[in-house]
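> The following block contains the structure, expressed as structure tokens.
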Amino acid sequence: MGSNGERAARGGQQRAETREVVLAAVRLFTEEGYEATTMAGIAEATGVSRRSLFRRFGSKEDVLFAEHDELFETVVRYMEASPEPPMDTVVSAARLVFQGYVRDPEITVPRYRLVRAHDRLRDREVAMTARYQAAFSHHLAEHAGGGRPSLEAEVVAAALIAAHNHVLRGWLRDPEEEGIWERFDRAMGRVRAMAGPLFEGPGRSGEGEDRVLVAVYPSGVERAELLRRVASAVDGRG
């Protein structure tokens, strides 16, 4: 096996090659139309044989979303290796996803327009969003929910995706607008504030939480009977 440096170099080269193919495909889709563009046309534009292109990507839809697939694998590996608390990990993972979009507007912005114009591409993007949400929910459930699927994990994962997509849509409409990372951090901060009581604060199981007990009893009741009723109410038997 090669050294870590050699594997990293091969991985970087593959990402660069993927970007070149995706960029060429996006340009063809934009100039000639998605339906009119063929895999043969993409192969010709990139200098890759048609056979090699099919073997690596499968379809022009796979070409369009190839970088997304690679990014998802990177995000999952990051979460698996992260030593950070679960909420910190999923927020950082969402940041990786967001960075994957905003770092390359030459691909991301025209792809966004293509997705909006074609139902099949929109369905593919929805499915990819669901994959991220499931991965975030799984991580939260594994590390903060005792390993069991939980409503809390699913709610926080959905909120994380919603906040990410809200900021992303604003950027896609105006990639030149400044302050995008500040808006992203504010959105993540709001998710954290919502998630705190679910995963970090007291009260998930009632432990450490102050309770108010209201006792109603007839006048003249004896002290021993009053204490019995209070104890019964505290224990949940009354």
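Note on naming: chains are A, B, ... as they come in the structure tokens, residues start from 1 per chain, ligands start from 1 in the order shown.
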What's the 7 Å shell around Ala187 of chain A, counting only C-alpha atoms, without same-chain residues fewer than 4 positions away, as a list in words?
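That gives Ala163, Arg183 and Val191 of chain A.
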> Mind giving me the straight-line distance from atom CA of Arg131 of chain A to atom CA of Ile161 of chain A in Å, one decimal?
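These two atoms are separated by 10.5 Å.
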> From the DSSP assignment of the backbone, select every residue of segment 101-214 of chain A that is helix (DSSP H, G or I), and format the answer as a ChimeraX atom specification.
/A:101-102,105-117,119-144,151-173,180-199
> Need the shell around Arg124 of chain A: protein/DNA/RNA residues with any atom at most 9 Å away, counting only C-alpha atoms. Skip same-chain ones fewer than 4 positions apart. Format as a ChimeraX atom specification?
/A:61,65,115,119-120,128-129
> Can I get the selected residues back with N, CA and C atoms, as a PDB file, in the first residue's frame?

```
ATOM      1  N   GLU A  61     -26.903  12.482 -14.881  1.00  0.00           N
ATOM      2  CA  GLU A  61     -27.397  12.921 -13.575  1.00  0.00           C
ATOM      3  C   GLU A  61     -26.349  12.653 -12.499  1.00  0.00           C
ATOM      4  N   PHE A  65     -24.172  15.455  -9.964  1.00  0.00           N
ATOM      5  CA  PHE A  65     -24.133  15.411  -8.502  1.00  0.00           C
ATOM      6  C   PHE A  65     -22.911  14.678  -7.957  1.00  0.00           C
ATOM      7  N   VAL A 115     -31.456  22.421 -11.319  1.00  0.00           N
ATOM      8  CA  VAL A 115     -32.290  21.637 -10.408  1.00  0.00           C
ATOM      9  C   VAL A 115     -33.690  22.233 -10.315  1.00  0.00           C
ATOM     10  N   ASP A 119     -37.741  18.504 -12.596  1.00  0.00           N
ATOM     11  CA  ASP A 119     -38.280  17.784 -11.445  1.00  0.00           C
ATOM     12  C   ASP A 119     -37.408  16.600 -11.040  1.00  0.00           C
ATOM     13  N   ARG A 120     -36.893  15.883 -12.024  1.00  0.00           N
ATOM     14  CA  ARG A 120     -36.085  14.702 -11.703  1.00  0.00           C
ATOM     15  C   ARG A 120     -34.822  15.089 -10.942  1.00  0.00           C
ATOM     16  N   MET A 128     -30.781  13.573  -1.574  1.00  0.00           N
ATOM     17  CA  MET A 128     -29.472  13.819  -0.980  1.00  0.00           C
ATOM     18  C   MET A 128     -29.603  14.570   0.341  1.00  0.00           C
ATOM     19  N   THR A 129     -30.530  15.535   0.384  1.00  0.00           N
ATOM     20  CA  THR A 129     -30.775  16.254   1.633  1.00  0.00           C
ATOM     21  C   THR A 129     -31.244  15.293   2.717  1.00  0.00           C
TER      22      THR A 129
END
```
> In Å, how far is it from atom CA of Leu64 of chain A to atom CA of Val76 of chain A?
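Computing it gives 20.7 Å between the two atoms.
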> Of the candidates A:Met39, A:Ala127, A:Leu168, A:Ala117, which shows the shortest atom-to-atom distance to Gly100 of chain A, using only C-alpha atoms?
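The shortest atom-to-atom distance to Gly100 of chain A comes from A:Leu168.
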> So, with only C-alpha atoms as the atoms that count, which of A:Glu154, A:His118, A:Met194, A:Pro105 lies closest to Asp174 of chain A?
A:Pro105
> Can you tell me which residues surround Ala153 of chain A at a distance of at most 12 Å, considering only C-alpha atoms, apart from same-chain residues fewer than 5 positions away, and format the answer as a PDB file with all heavy atoms, in the first residue's frame?

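Everything below was put into result_16.pdb:
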```pdb
ATOM      1  N   PRO A  86     -21.523  15.646  20.477  1.00  0.00           N
ATOM      2  CA  PRO A  86     -22.347  15.365  19.294  1.00  0.00           C
ATOM      3  C   PRO A  86     -22.910  16.604  18.605  1.00  0.00           C
ATOM      4  O   PRO A  86     -22.931  16.681  17.374  1.00  0.00           O
ATOM      5  CB  PRO A  86     -23.461  14.461  19.834  1.00  0.00           C
ATOM      6  CG  PRO A  86     -23.416  14.590  21.311  1.00  0.00           C
ATOM      7  CD  PRO A  86     -22.010  14.905  21.661  1.00  0.00           C
ATOM      8  N   MET A  87     -23.357  17.583  19.390  1.00  0.00           N
ATOM      9  CA  MET A  87     -23.921  18.777  18.764  1.00  0.00           C
ATOM     10  C   MET A  87     -22.841  19.568  18.032  1.00  0.00           C
ATOM     11  O   MET A  87     -23.062  20.071  16.930  1.00  0.00           O
ATOM     12  CB  MET A  87     -24.605  19.649  19.817  1.00  0.00           C
ATOM     13  CG  MET A  87     -25.536  20.703  19.229  1.00  0.00           C
ATOM     14  SD  MET A  87     -26.911  19.943  18.339  1.00  0.00           S
ATOM     15  CE  MET A  87     -27.198  21.208  17.096  1.00  0.00           C
ATOM     16  N   VAL A  90     -22.131  17.699  14.633  1.00  0.00           N
ATOM     17  CA  VAL A  90     -23.078  17.838  13.524  1.00  0.00           C
ATOM     18  C   VAL A  90     -23.108  19.264  12.988  1.00  0.00           C
ATOM     19  O   VAL A  90     -23.318  19.477  11.783  1.00  0.00           O
ATOM     20  CB  VAL A  90     -24.497  17.369  13.921  1.00  0.00           C
ATOM     21  CG1 VAL A  90     -24.508  15.874  14.169  1.00  0.00           C
ATOM     22  CG2 VAL A  90     -25.030  18.121  15.120  1.00  0.00           C
ATOM     23  N   GLN A 133     -29.693  14.493   6.501  1.00  0.00           N
ATOM     24  CA  GLN A 133     -30.512  14.560   7.707  1.00  0.00           C
ATOM     25  C   GLN A 133     -30.469  13.246   8.467  1.00  0.00           C
ATOM     26  O   GLN A 133     -30.359  13.229   9.698  1.00  0.00           O
ATOM     27  CB  GLN A 133     -31.954  14.914   7.339  1.00  0.00           C
ATOM     28  CG  GLN A 133     -32.850  15.096   8.554  1.00  0.00           C
ATOM     29  CD  GLN A 133     -34.200  15.663   8.192  1.00  0.00           C
ATOM     30  OE1 GLN A 133     -34.314  16.517   7.303  1.00  0.00           O
ATOM     31  NE2 GLN A 133     -35.252  15.205   8.855  1.00  0.00           N
ATOM     32  N   ALA A 134     -30.543  12.133   7.750  1.00  0.00           N
ATOM     33  CA  ALA A 134     -30.477  10.824   8.398  1.00  0.00           C
ATOM     34  C   ALA A 134     -29.119  10.605   9.067  1.00  0.00           C
ATOM     35  O   ALA A 134     -29.038  10.039  10.163  1.00  0.00           O
ATOM     36  CB  ALA A 134     -30.748   9.718   7.376  1.00  0.00           C
ATOM     37  N   ALA A 135     -28.047  11.059   8.414  1.00  0.00           N
ATOM     38  CA  ALA A 135     -26.709  10.897   8.988  1.00  0.00           C
ATOM     39  C   ALA A 135     -26.556  11.734  10.257  1.00  0.00           C
ATOM     40  O   ALA A 135     -25.994  11.265  11.261  1.00  0.00           O
ATOM     41  CB  ALA A 135     -25.643  11.300   7.964  1.00  0.00           C
ATOM     42  N   PHE A 136     -27.069  12.969  10.243  1.00  0.00           N
ATOM     43  CA  PHE A 136     -26.996  13.817  11.437  1.00  0.00           C
ATOM     44  C   PHE A 136     -27.833  13.218  12.570  1.00  0.00           C
ATOM     45  O   PHE A 136     -27.402  13.174  13.726  1.00  0.00           O
ATOM     46  CB  PHE A 136     -27.496  15.228  11.128  1.00  0.00           C
ATOM     47  CG  PHE A 136     -26.630  15.997  10.163  1.00  0.00           C
ATOM     48  CD1 PHE A 136     -27.118  17.123   9.518  1.00  0.00           C
ATOM     49  CD2 PHE A 136     -25.330  15.603   9.891  1.00  0.00           C
ATOM     50  CE1 PHE A 136     -26.330  17.833   8.625  1.00  0.00           C
ATOM     51  CE2 PHE A 136     -24.522  16.306   9.012  1.00  0.00           C
ATOM     52  CZ  PHE A 136     -25.034  17.431   8.380  1.00  0.00           C
ATOM     53  N   SER A 137     -29.030  12.768  12.236  1.00  0.00           N
ATOM     54  CA  SER A 137     -29.912  12.178  13.241  1.00  0.00           C
ATOM     55  C   SER A 137     -29.280  10.926  13.854  1.00  0.00           C
ATOM     56  O   SER A 137     -29.324  10.718  15.073  1.00  0.00           O
ATOM     57  CB  SER A 137     -31.263  11.829  12.601  1.00  0.00           C
ATOM     58  OG  SER A 137     -32.109  11.199  13.532  1.00  0.00           O
ATOM     59  N   HIS A 138     -28.673  10.106  13.008  1.00  0.00           N
ATOM     60  CA  HIS A 138     -28.024   8.883  13.499  1.00  0.00           C
ATOM     61  C   HIS A 138     -26.893   9.226  14.455  1.00  0.00           C
ATOM     62  O   HIS A 138     -26.754   8.591  15.513  1.00  0.00           O
ATOM     63  CB  HIS A 138     -27.497   8.075  12.319  1.00  0.00           C
ATOM     64  CG  HIS A 138     -26.716   6.861  12.719  1.00  0.00           C
ATOM     65  ND1 HIS A 138     -27.311   5.713  13.212  1.00  0.00           N
ATOM     66  CD2 HIS A 138     -25.376   6.617  12.732  1.00  0.00           C
ATOM     67  CE1 HIS A 138     -26.379   4.827  13.501  1.00  0.00           C
ATOM     68  NE2 HIS A 138     -25.199   5.346  13.215  1.00  0.00           N
ATOM     69  N   HIS A 139     -26.081  10.217  14.096  1.00  0.00           N
ATOM     70  CA  HIS A 139     -24.961  10.579  14.967  1.00  0.00           C
ATOM     71  C   HIS A 139     -25.466  11.089  16.311  1.00  0.00           C
ATOM     72  O   HIS A 139     -24.941  10.717  17.366  1.00  0.00           O
ATOM     73  CB  HIS A 139     -24.094  11.649  14.299  1.00  0.00           C
ATOM     74  CG  HIS A 139     -22.868  11.989  15.088  1.00  0.00           C
ATOM     75  ND1 HIS A 139     -21.695  11.266  15.026  1.00  0.00           N
ATOM     76  CD2 HIS A 139     -22.644  12.974  16.004  1.00  0.00           C
ATOM     77  CE1 HIS A 139     -20.805  11.778  15.857  1.00  0.00           C
ATOM     78  NE2 HIS A 139     -21.357  12.822  16.462  1.00  0.00           N
ATOM     79  N   LEU A 140     -26.475  11.948  16.287  1.00  0.00           N
ATOM     80  CA  LEU A 140     -27.012  12.483  17.535  1.00  0.00           C
ATOM     81  C   LEU A 140     -27.617  11.370  18.389  1.00  0.00           C
ATOM     82  O   LEU A 140     -27.433  11.335  19.604  1.00  0.00           O
ATOM     83  CB  LEU A 140     -28.070  13.542  17.233  1.00  0.00           C
ATOM     84  CG  LEU A 140     -27.546  14.864  16.660  1.00  0.00           C
ATOM     85  CD1 LEU A 140     -28.703  15.721  16.168  1.00  0.00           C
ATOM     86  CD2 LEU A 140     -26.724  15.624  17.694  1.00  0.00           C
ATOM     87  N   ALA A 141     -28.350  10.462  17.751  1.00  0.00           N
ATOM     88  CA  ALA A 141     -28.967   9.369  18.497  1.00  0.00           C
ATOM     89  C   ALA A 141     -27.910   8.447  19.101  1.00  0.00           C
ATOM     90  O   ALA A 141     -28.053   7.979  20.239  1.00  0.00           O
ATOM     91  CB  ALA A 141     -29.903   8.573  17.592  1.00  0.00           C
ATOM     92  N   GLU A 142     -26.836   8.193  18.348  1.00  0.00           N
ATOM     93  CA  GLU A 142     -25.778   7.307  18.829  1.00  0.00           C
ATOM     94  C   GLU A 142     -25.021   7.901  20.002  1.00  0.00           C
ATOM     95  O   GLU A 142     -24.667   7.191  20.956  1.00  0.00           O
ATOM     96  CB  GLU A 142     -24.789   7.022  17.691  1.00  0.00           C
ATOM     97  CG  GLU A 142     -25.265   5.977  16.706  1.00  0.00           C
ATOM     98  CD  GLU A 142     -25.195   4.582  17.294  1.00  0.00           C
ATOM     99  OE1 GLU A 142     -24.156   4.222  17.850  1.00  0.00           O
ATOM    100  OE2 GLU A 142     -26.210   3.860  17.197  1.00  0.00           O
ATOM    101  N   HIS A 143     -24.780   9.209  19.959  1.00  0.00           N
ATOM    102  CA  HIS A 143     -23.881   9.813  20.939  1.00  0.00           C
ATOM    103  C   HIS A 143     -24.581  10.630  22.013  1.00  0.00           C
ATOM    104  O   HIS A 143     -23.978  10.943  23.034  1.00  0.00           O
ATOM    105  CB  HIS A 143     -22.848  10.691  20.227  1.00  0.00           C
ATOM    106  CG  HIS A 143     -21.924   9.914  19.345  1.00  0.00           C
ATOM    107  ND1 HIS A 143     -22.270   9.531  18.055  1.00  0.00           N
ATOM    108  CD2 HIS A 143     -20.684   9.420  19.561  1.00  0.00           C
ATOM    109  CE1 HIS A 143     -21.272   8.849  17.527  1.00  0.00           C
ATOM    110  NE2 HIS A 143     -20.301   8.767  18.410  1.00  0.00           N
ATOM    111  N   ALA A 144     -25.829  10.995  21.774  1.00  0.00           N
ATOM    112  CA  ALA A 144     -26.533  11.780  22.781  1.00  0.00           C
ATOM    113  C   ALA A 144     -27.840  11.139  23.210  1.00  0.00           C
ATOM    114  O   ALA A 144     -28.445  11.566  24.178  1.00  0.00           O
ATOM    115  CB  ALA A 144     -26.822  13.190  22.247  1.00  0.00           C
ATOM    116  N   GLY A 145     -28.258  10.122  22.506  1.00  0.00           N
ATOM    117  CA  GLY A 145     -29.548   9.515  22.810  1.00  0.00           C
ATOM    118  C   GLY A 145     -29.454   8.069  23.222  1.00  0.00           C
ATOM    119  O   GLY A 145     -30.429   7.329  23.113  1.00  0.00           O
ATOM    120  N   GLY A 146     -28.287   7.632  23.668  1.00  0.00           N
ATOM    121  CA  GLY A 146     -28.146   6.271  24.139  1.00  0.00           C
ATOM    122  C   GLY A 146     -28.170   5.228  23.046  1.00  0.00           C
ATOM    123  O   GLY A 146     -28.398   4.049  23.301  1.00  0.00           O
ATOM    124  N   GLY A 147     -27.944   5.647  21.800  1.00  0.00           N
ATOM    125  CA  GLY A 147     -27.895   4.689  20.712  1.00  0.00           C
ATOM    126  C   GLY A 147     -29.240   4.331  20.125  1.00  0.00           C
ATOM    127  O   GLY A 147     -29.324   3.561  19.173  1.00  0.00           O
ATOM    128  N   ARG A 148     -30.318   4.894  20.681  1.00  0.00           N
ATOM    129  CA  ARG A 148     -31.652   4.588  20.173  1.00  0.00           C
ATOM    130  C   ARG A 148     -32.171   5.754  19.349  1.00  0.00           C
ATOM    131  O   ARG A 148     -31.942   6.918  19.704  1.00  0.00           O
ATOM    132  CB  ARG A 148     -32.619   4.321  21.334  1.00  0.00           C
ATOM    133  CG  ARG A 148     -32.236   3.143  22.203  1.00  0.00           C
ATOM    134  CD  ARG A 148     -33.334   2.860  23.217  1.00  0.00           C
ATOM    135  NE  ARG A 148     -33.639   4.036  24.031  1.00  0.00           N
ATOM    136  CZ  ARG A 148     -32.974   4.354  25.141  1.00  0.00           C
ATOM    137  NH1 ARG A 148     -31.972   3.600  25.550  1.00  0.00           N
ATOM    138  NH2 ARG A 148     -33.308   5.413  25.839  1.00  0.00           N
ATOM    139  N   ALA A 158     -33.406  17.770  11.592  1.00  0.00           N
ATOM    140  CA  ALA A 158     -34.253  18.478  10.630  1.00  0.00           C
ATOM    141  C   ALA A 158     -34.052  19.985  10.728  1.00  0.00           C
ATOM    142  O   ALA A 158     -34.012  20.686   9.710  1.00  0.00           O
ATOM    143  CB  ALA A 158     -35.720  18.121  10.864  1.00  0.00           C
ATOM    144  N   ALA A 159     -33.922  20.490  11.953  1.00  0.00           N
ATOM    145  CA  ALA A 159     -33.687  21.921  12.141  1.00  0.00           C
ATOM    146  C   ALA A 159     -32.341  22.339  11.563  1.00  0.00           C
ATOM    147  O   ALA A 159     -32.200  23.418  10.971  1.00  0.00           O
ATOM    148  CB  ALA A 159     -33.759  22.274  13.625  1.00  0.00           C
ATOM    149  N   LEU A 160     -31.349  21.485  11.737  1.00  0.00           N
ATOM    150  CA  LEU A 160     -30.019  21.763  11.202  1.00  0.00           C
ATOM    151  C   LEU A 160     -30.060  21.882   9.676  1.00  0.00           C
ATOM    152  O   LEU A 160     -29.498  22.818   9.089  1.00  0.00           O
ATOM    153  CB  LEU A 160     -29.076  20.641  11.621  1.00  0.00           C
ATOM    154  CG  LEU A 160     -27.577  20.907  11.626  1.00  0.00           C
ATOM    155  CD1 LEU A 160     -27.238  21.948  12.670  1.00  0.00           C
ATOM    156  CD2 LEU A 160     -26.831  19.619  11.941  1.00  0.00           C
ATOM    157  N   MET A 194     -31.970  25.869  20.430  1.00  0.00           N
ATOM    158  CA  MET A 194     -33.121  24.975  20.487  1.00  0.00           C
ATOM    159  C   MET A 194     -32.720  23.592  20.983  1.00  0.00           C
ATOM    160  O   MET A 194     -33.440  22.952  21.743  1.00  0.00           O
ATOM    161  CB  MET A 194     -33.750  24.852  19.108  1.00  0.00           C
ATOM    162  CG  MET A 194     -34.965  23.937  19.065  1.00  0.00           C
ATOM    163  SD  MET A 194     -35.313  23.310  17.419  1.00  0.00           S
ATOM    164  CE  MET A 194     -33.975  22.120  17.233  1.00  0.00           C
ATOM    165  N   ALA A 195     -31.544  23.138  20.552  1.00  0.00           N
ATOM    166  CA  ALA A 195     -31.107  21.777  20.874  1.00  0.00           C
ATOM    167  C   ALA A 195     -30.616  21.641  22.307  1.00  0.00           C
ATOM    168  O   ALA A 195     -30.665  20.552  22.874  1.00  0.00           O
ATOM    169  CB  ALA A 195     -30.000  21.337  19.913  1.00  0.00           C
ATOM    170  N   GLY A 196     -30.142  22.746  22.892  1.00  0.00           N
ATOM    171  CA  GLY A 196     -29.576  22.678  24.231  1.00  0.00           C
ATOM    172  C   GLY A 196     -30.470  22.000  25.252  1.00  0.00           C
ATOM    173  O   GLY A 196     -30.056  21.047  25.919  1.00  0.00           O
ATOM    174  N   LEU A 198     -32.789  19.968  24.801  1.00  0.00           N
ATOM    175  CA  LEU A 198     -33.083  18.586  24.431  1.00  0.00           C
ATOM    176  C   LEU A 198     -31.940  17.637  24.785  1.00  0.00           C
ATOM    177  O   LEU A 198     -32.166  16.512  25.231  1.00  0.00           O
ATOM    178  CB  LEU A 198     -33.366  18.498  22.927  1.00  0.00           C
ATOM    179  CG  LEU A 198     -34.602  19.239  22.430  1.00  0.00           C
ATOM    180  CD1 LEU A 198     -34.713  19.121  20.909  1.00  0.00           C
ATOM    181  CD2 LEU A 198     -35.861  18.694  23.085  1.00  0.00           C
ATOM    182  N   PHE A 199     -30.695  18.112  24.567  1.00  0.00           N
ATOM    183  CA  PHE A 199     -29.554  17.217  24.730  1.00  0.00           C
ATOM    184  C   PHE A 199     -28.632  17.557  25.887  1.00  0.00           C
ATOM    185  O   PHE A 199     -27.867  16.715  26.328  1.00  0.00           O
ATOM    186  CB  PHE A 199     -28.709  17.205  23.444  1.00  0.00           C
ATOM    187  CG  PHE A 199     -29.381  16.498  22.312  1.00  0.00           C
ATOM    188  CD1 PHE A 199     -29.755  17.183  21.182  1.00  0.00           C
ATOM    189  CD2 PHE A 199     -29.654  15.143  22.378  1.00  0.00           C
ATOM    190  CE1 PHE A 199     -30.376  16.537  20.132  1.00  0.00           C
ATOM    191  CE2 PHE A 199     -30.279  14.486  21.336  1.00  0.00           C
ATOM    192  CZ  PHE A 199     -30.637  15.185  20.205  1.00  0.00           C
TER     193      PHE A 199
END
```
> Report as a VMD selection string all protein, DNA and RNA residues lying within 6 Å of segment 20-22 of chain A, evaluated on only C-alpha atoms, omitting residues in the same chain fewer than 3 positions from it.
chain A and resid 17 25 63 to 64
> In terms of the shortest atom-to-atom distance over only C-alpha atoms, which of A:Phe54, A:Phe72, A:Phe98, A:Tyr34 is closest to His166 of chain A?
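Closest to His166 of chain A of all the choices is A:Phe98.
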